[in-house]
Amino acid sequence: MPTDFNKPIIEEFRANEGRVGGWFEGSPLILLTTTGARTGRPNVSPLGYVPDGDRILVVASAAGAPNHPAWYHNLLADPWVTVELGTETFEANAVPLRGEERDRLFAKVVEVAPGYAEYQAKTSRIIPVVALYRTAVDEKRARAIGDELRELHDWFRQELAELLAEVRAHRGGAEDAAGKPAPALGQQLRERCLTFCEGLARHHGGEDMVVFPHLEDRFPQLKEALDRLRREHVTVERLRDELRDAVAALGTGDAAESERLGDEIERLAAELSAHFDYEEDQLVPALNSLTDAPWPSPR
Ligand SMILES: [Fe+2]
Ligand SMILES: [Fe+2]
């Protein structure tokens with residue numbers, strides 16, 4: 001729809017606590033602000049909506065025109081949108097629904113607003129249904145979800161750095177300042193290595209089984225990043241198993257053994273550090289916007 005058609009509706013909406021007369025009299029409206037895919041500028045569209053639990057459904061009908069409306073193209077490129085509803089304004093994540101879910105909810109929308117069935121009959125394209133998920137309602141809790149990931153990663157980073165420093169201290173049977181030979185690798189250090197490996201296996205297992213599928217569902221645009229992170233988990237798992245085997249096979253913990261162990265830890269540390277950086281880069285903004293993480297807090 002041309003901007004000059006929307007402008008008075010937007011002004012009326014904002015002046016009247018979200019109520020609009022004339023053409024839209026009596027139909028519930030939101031103002032959806034997307035970021036122009038080509039222009040990068042905010043684009044405001046008045047849209048009919050249907051509430052569905054804690055999310056809002058909007059339909060990219062363009063009144064049955066042959067092409068998807070601009071706002072739909074915009075949110076495919078950038079799903080972070082702003083919603084004005086009544087007197088409220090909030091940020092949301094826009095997720096186009098797929099397959100059976102799209103069909104089921106399109107039918108639900110048509111029950112409330114039969115006009116959409118007429119629009120669908122006018123066009124050969126499948127009219128998209130988009131779910132808008134409110135983000136950061138409870139900003140404090142929401143932020144904590146992303147922050148928890150960073151903190152947990154930091155614990156792994158630090159633990160690995162300390163392990164490496166300790167193993168390296170034993171290397172070559174070096175003498176300490178008092179001239180006494182360094183002790184062999186202790187049982188305690190071995191146990192600490194194994195505890196680290198177990199903790200990491202649990203962390204990645206939880207990501208693979210629970211966190212990543214949830215994020216993929218809510219943020220389809222993260223699919224590529226999540227696939228890469230899953231592949232990295234496989235690599236990390238291999239290095240972690242090698243480290244665990246090296247620890248389990250430790251004999252006397254002599255210089256050669258501790259050097260090999262140090263090398264194993266270094267390899268794992270390098271791989272893991274790159275993995276954590278990429279994961280935080282890609283996932284923390286999405287995690288920080290979540291208000292309904294289906295996994296318990298790590299502590
Ligand atoms: Fe990970
Ligand atoms: Fe992680």
# chains A, B, ... in the order shown; residues from 1 in each chain; ligands from 1

call {"tool": "residues_near_ligand", "arguments": {"ligand": "ligand 2", "cutoff": "12 Å", "atoms": "only C-alpha atoms and all ligand atoms", "output": "number ranges by chain"}}
result
A: 146-157, 199-208, 210-212, 226, 229-230, 232-233, 236, 272-284, 287, 298

call {"tool": "select_by_dssp", "arguments": {"residues": "range 35-166 of chain A", "states": "strand (DSSP E or B)", "output": "PDB file with N, CA and C atoms, in the first residue's frame"}}
result
ATOM      1  N   THR A  35      12.107  -2.968   9.112  1.00  0.00           N
ATOM      2  CA  THR A  35      13.225  -2.213   8.551  1.00  0.00           C
ATOM      3  C   THR A  35      13.286  -2.503   7.052  1.00  0.00           C
ATOM      4  N   PRO A  42      12.988   2.675   8.640  1.00  0.00           N
ATOM      5  CA  PRO A  42      11.791   2.099   9.243  1.00  0.00           C
ATOM      6  C   PRO A  42      10.569   2.281   8.346  1.00  0.00           C
ATOM      7  N   ASN A  43       9.744   1.248   8.322  1.00  0.00           N
ATOM      8  CA  ASN A  43       8.574   1.240   7.470  1.00  0.00           C
ATOM      9  C   ASN A  43       7.368   0.855   8.340  1.00  0.00           C
ATOM     10  N   VAL A  44       6.401   1.750   8.451  1.00  0.00           N
ATOM     11  CA  VAL A  44       5.268   1.484   9.347  1.00  0.00           C
ATOM     12  C   VAL A  44       4.059   1.018   8.540  1.00  0.00           C
ATOM     13  N   SER A  45       3.481  -0.114   8.925  1.00  0.00           N
ATOM     14  CA  SER A  45       2.284  -0.618   8.244  1.00  0.00           C
ATOM     15  C   SER A  45       1.159  -0.872   9.244  1.00  0.00           C
ATOM     16  N   PRO A  46      -0.027  -0.308   9.007  1.00  0.00           N
ATOM     17  CA  PRO A  46      -1.187  -0.672   9.829  1.00  0.00           C
ATOM     18  C   PRO A  46      -1.682  -2.041   9.359  1.00  0.00           C
ATOM     19  N   LEU A  47      -1.866  -2.962  10.302  1.00  0.00           N
ATOM     20  CA  LEU A  47      -2.276  -4.321   9.920  1.00  0.00           C
ATOM     21  C   LEU A  47      -3.346  -4.842  10.863  1.00  0.00           C
ATOM     22  N   GLY A  48      -4.286  -5.597  10.315  1.00  0.00           N
ATOM     23  CA  GLY A  48      -5.213  -6.332  11.162  1.00  0.00           C
ATOM     24  C   GLY A  48      -4.438  -7.454  11.844  1.00  0.00           C
ATOM     25  N   VAL A  50      -4.695 -11.044  14.772  1.00  0.00           N
ATOM     26  CA  VAL A  50      -5.482 -11.961  15.597  1.00  0.00           C
ATOM     27  C   VAL A  50      -4.572 -12.459  16.719  1.00  0.00           C
ATOM     28  N   PRO A  51      -4.984 -12.253  17.979  1.00  0.00           N
ATOM     29  CA  PRO A  51      -4.140 -12.768  19.065  1.00  0.00           C
ATOM     30  C   PRO A  51      -4.177 -14.293  19.104  1.00  0.00           C
ATOM     31  N   ASP A  52      -3.047 -14.910  19.444  1.00  0.00           N
ATOM     32  CA  ASP A  52      -3.005 -16.373  19.554  1.00  0.00           C
ATOM     33  C   ASP A  52      -2.110 -16.694  20.754  1.00  0.00           C
ATOM     34  N   ARG A  55       1.208 -14.749  21.510  1.00  0.00           N
ATOM     35  CA  ARG A  55       1.744 -14.172  20.277  1.00  0.00           C
ATOM     36  C   ARG A  55       0.623 -13.535  19.468  1.00  0.00           C
ATOM     37  N   ILE A  56       1.031 -12.794  18.448  1.00  0.00           N
ATOM     38  CA  ILE A  56       0.073 -12.084  17.611  1.00  0.00           C
ATOM     39  C   ILE A  56       0.262 -12.574  16.182  1.00  0.00           C
ATOM     40  N   LEU A  57      -0.862 -12.855  15.511  1.00  0.00           N
ATOM     41  CA  LEU A  57      -0.748 -13.306  14.122  1.00  0.00           C
ATOM     42  C   LEU A  57      -1.096 -12.165  13.177  1.00  0.00           C
ATOM     43  N   VAL A  58      -0.288 -11.993  12.154  1.00  0.00           N
ATOM     44  CA  VAL A  58      -0.631 -11.065  11.076  1.00  0.00           C
ATOM     45  C   VAL A  58      -0.527 -11.823   9.763  1.00  0.00           C
ATOM     46  N   VAL A  59      -1.268 -11.338   8.770  1.00  0.00           N
ATOM     47  CA  VAL A  59      -1.406 -12.084   7.527  1.00  0.00           C
ATOM     48  C   VAL A  59      -0.932 -11.198   6.378  1.00  0.00           C
ATOM     49  N   TRP A  80      13.496  -8.548  13.402  1.00  0.00           N
ATOM     50  CA  TRP A  80      13.292  -7.744  14.621  1.00  0.00           C
ATOM     51  C   TRP A  80      12.402  -6.568  14.275  1.00  0.00           C
ATOM     52  N   VAL A  81      11.210  -6.540  14.855  1.00  0.00           N
ATOM     53  CA  VAL A  81      10.223  -5.535  14.469  1.00  0.00           C
ATOM     54  C   VAL A  81       9.692  -4.827  15.709  1.00  0.00           C
ATOM     55  N   THR A  82       8.974  -3.728  15.488  1.00  0.00           N
ATOM     56  CA  THR A  82       8.329  -3.020  16.589  1.00  0.00           C
ATOM     57  C   THR A  82       6.821  -3.066  16.376  1.00  0.00           C
ATOM     58  N   VAL A  83       6.096  -3.331  17.452  1.00  0.00           N
ATOM     59  CA  VAL A  83       4.640  -3.425  17.368  1.00  0.00           C
ATOM     60  C   VAL A  83       4.027  -2.339  18.241  1.00  0.00           C
ATOM     61  N   GLU A  84       3.063  -1.617  17.673  1.00  0.00           N
ATOM     62  CA  GLU A  84       2.249  -0.708  18.484  1.00  0.00           C
ATOM     63  C   GLU A  84       0.862  -1.307  18.548  1.00  0.00           C
ATOM     64  N   LEU A  85       0.406  -1.497  19.791  1.00  0.00           N
ATOM     65  CA  LEU A  85      -0.882  -2.154  20.011  1.00  0.00           C
ATOM     66  C   LEU A  85      -1.599  -1.343  21.077  1.00  0.00           C
ATOM     67  N   GLU A  88       0.340   0.629  23.739  1.00  0.00           N
ATOM     68  CA  GLU A  88       1.586  -0.061  24.072  1.00  0.00           C
ATOM     69  C   GLU A  88       2.511  -0.153  22.856  1.00  0.00           C
ATOM     70  N   THR A  89       3.799  -0.065  23.120  1.00  0.00           N
ATOM     71  CA  THR A  89       4.779  -0.296  22.053  1.00  0.00           C
ATOM     72  C   THR A  89       5.774  -1.331  22.549  1.00  0.00           C
ATOM     73  N   PHE A  90       6.023  -2.372  21.751  1.00  0.00           N
ATOM     74  CA  PHE A  90       7.019  -3.364  22.174  1.00  0.00           C
ATOM     75  C   PHE A  90       7.780  -3.940  20.988  1.00  0.00           C
ATOM     76  N   GLU A  91       8.939  -4.489  21.303  1.00  0.00           N
ATOM     77  CA  GLU A  91       9.758  -5.138  20.284  1.00  0.00           C
ATOM     78  C   GLU A  91       9.258  -6.562  20.117  1.00  0.00           C
ATOM     79  N   ALA A  92       9.407  -7.091  18.912  1.00  0.00           N
ATOM     80  CA  ALA A  92       8.956  -8.465  18.672  1.00  0.00           C
ATOM     81  C   ALA A  92       9.870  -9.143  17.666  1.00  0.00           C
ATOM     82  N   ASN A  93       9.803 -10.467  17.691  1.00  0.00           N
ATOM     83  CA  ASN A  93      10.510 -11.282  16.701  1.00  0.00           C
ATOM     84  C   ASN A  93       9.455 -11.867  15.781  1.00  0.00           C
ATOM     85  N   ALA A  94       9.610 -11.647  14.472  1.00  0.00           N
ATOM     86  CA  ALA A  94       8.603 -12.090  13.511  1.00  0.00           C
ATOM     87  C   ALA A  94       9.011 -13.429  12.895  1.00  0.00           C
ATOM     88  N   VAL A  95       8.150 -14.428  13.038  1.00  0.00           N
ATOM     89  CA  VAL A  95       8.449 -15.759  12.487  1.00  0.00           C
ATOM     90  C   VAL A  95       7.342 -16.179  11.519  1.00  0.00           C
ATOM     91  N   PRO A  96       7.656 -16.294  10.232  1.00  0.00           N
ATOM     92  CA  PRO A  96       6.646 -16.794   9.288  1.00  0.00           C
ATOM     93  C   PRO A  96       6.345 -18.262   9.612  1.00  0.00           C
ATOM     94  N   VAL A 129       1.290 -16.415   6.904  1.00  0.00           N
ATOM     95  CA  VAL A 129       0.845 -16.032   8.243  1.00  0.00           C
ATOM     96  C   VAL A 129       2.118 -15.872   9.086  1.00  0.00           C
ATOM     97  N   VAL A 130       2.201 -14.747   9.787  1.00  0.00           N
ATOM     98  CA  VAL A 130       3.413 -14.453  10.552  1.00  0.00           C
ATOM     99  C   VAL A 130       3.061 -14.333  12.030  1.00  0.00           C
ATOM    100  N   ALA A 131       3.832 -15.020  12.860  1.00  0.00           N
ATOM    101  CA  ALA A 131       3.642 -14.906  14.313  1.00  0.00           C
ATOM    102  C   ALA A 131       4.606 -13.856  14.848  1.00  0.00           C
ATOM    103  N   LEU A 132       4.078 -12.944  15.657  1.00  0.00           N
ATOM    104  CA  LEU A 132       4.932 -11.934  16.294  1.00  0.00           C
ATOM    105  C   LEU A 132       5.071 -12.295  17.763  1.00  0.00           C
ATOM    106  N   TYR A 133       6.312 -12.535  18.154  1.00  0.00           N
ATOM    107  CA  TYR A 133       6.585 -12.885  19.548  1.00  0.00           C
ATOM    108  C   TYR A 133       7.154 -11.675  20.250  1.00  0.00           C
ATOM    109  N   ARG A 134       6.480 -11.286  21.300  1.00  0.00           N
ATOM    110  CA  ARG A 134       6.966 -10.189  22.127  1.00  0.00           C
ATOM    111  C   ARG A 134       8.339 -10.557  22.694  1.00  0.00           C
TER     112      ARG A 134
END

call {"tool": "closest_residue", "arguments": {"among": "A:Ile126, A:Ala63, A:Met209, A:Ala249", "to": "ligand 1", "atoms": "only C-alpha atoms and all ligand atoms"}}
result
A:Met209

call {"tool": "residues_around", "arguments": {"residues": "Leu250 in chain A", "least_positions_apart": "5", "cutoff": "12 Å", "atoms": "only C-alpha atoms", "output": "list in words"}}
result
Ala184, Leu185, Gly186, Gln187, Leu189, Arg190, Glu191, Cys193, Leu243, Arg244, Asp245, Ala255, Ala256, Glu257, Ser258, Glu259, Arg260 and Leu261 of chain A

call {"tool": "write_last_selection", "arguments": {"atoms": "C-alpha atoms", "output": "PDB file, in the first residue's frame"}}
result
ATOM      1  CA  ALA A 184      54.350 -35.925  38.759  1.00  0.00           C
ATOM      2  CA  LEU A 185      50.814 -35.236  37.606  1.00  0.00           C
ATOM      3  CA  GLY A 186      48.599 -35.784  40.585  1.00  0.00           C
ATOM      4  CA  GLN A 187      45.420 -37.741  40.865  1.00  0.00           C
ATOM      5  CA  LEU A 189      44.592 -32.952  38.343  1.00  0.00           C
ATOM      6  CA  ARG A 190      43.416 -36.009  36.461  1.00  0.00           C
ATOM      7  CA  GLU A 191      40.078 -35.873  38.185  1.00  0.00           C
ATOM      8  CA  CYS A 193      40.390 -32.945  33.728  1.00  0.00           C
ATOM      9  CA  LEU A 243      41.902 -35.597  26.079  1.00  0.00           C
ATOM     10  CA  ARG A 244      39.861 -37.918  28.268  1.00  0.00           C
ATOM     11  CA  ASP A 245      41.648 -40.960  26.832  1.00  0.00           C
ATOM     12  CA  ALA A 255      57.690 -35.310  31.311  1.00  0.00           C
ATOM     13  CA  ALA A 256      56.725 -36.807  27.937  1.00  0.00           C
ATOM     14  CA  GLU A 257      53.256 -37.653  29.162  1.00  0.00           C
ATOM     15  CA  SER A 258      52.553 -34.279  30.638  1.00  0.00           C
ATOM     16  CA  GLU A 259      53.803 -32.624  27.472  1.00  0.00           C
ATOM     17  CA  ARG A 260      51.419 -34.715  25.382  1.00  0.00           C
ATOM     18  CA  LEU A 261      48.589 -33.909  27.760  1.00  0.00           C
TER      19      LEU A 261
END

call {"tool": "atom_distance", "arguments": {"atom1": "CA of Ala246 in chain A", "atom2": "CA of Gly262 in chain A"}}
result
10.1 Å

call {"tool": "atom_distance", "arguments": {"atom1": "CA of Gly26 in chain A", "atom2": "CA of Ala117 in chain A"}}
result
19.0 Å

call {"tool": "select_by_dssp", "arguments": {"residues": "range 24-257 of chain A", "states": "helix (DSSP H, G or I)", "output": "PyMOL selection string"}}
result
chain A and resi 24+62-64+70-77+99-112+115-122+139-173+187-218+220-248+255-257

call {"tool": "atom_distance", "arguments": {"atom1": "CA of Arg14 in chain A", "atom2": "CA of Ile30 in chain A"}}
result
10.3 Å

call {"tool": "closest_residue", "arguments": {"among": "A:Arg228, A:Cys197, A:Gly64, A:Arg267", "to": "ligand 1", "atoms": "only C-alpha atoms and all ligand atoms"}}
result
A:Arg228
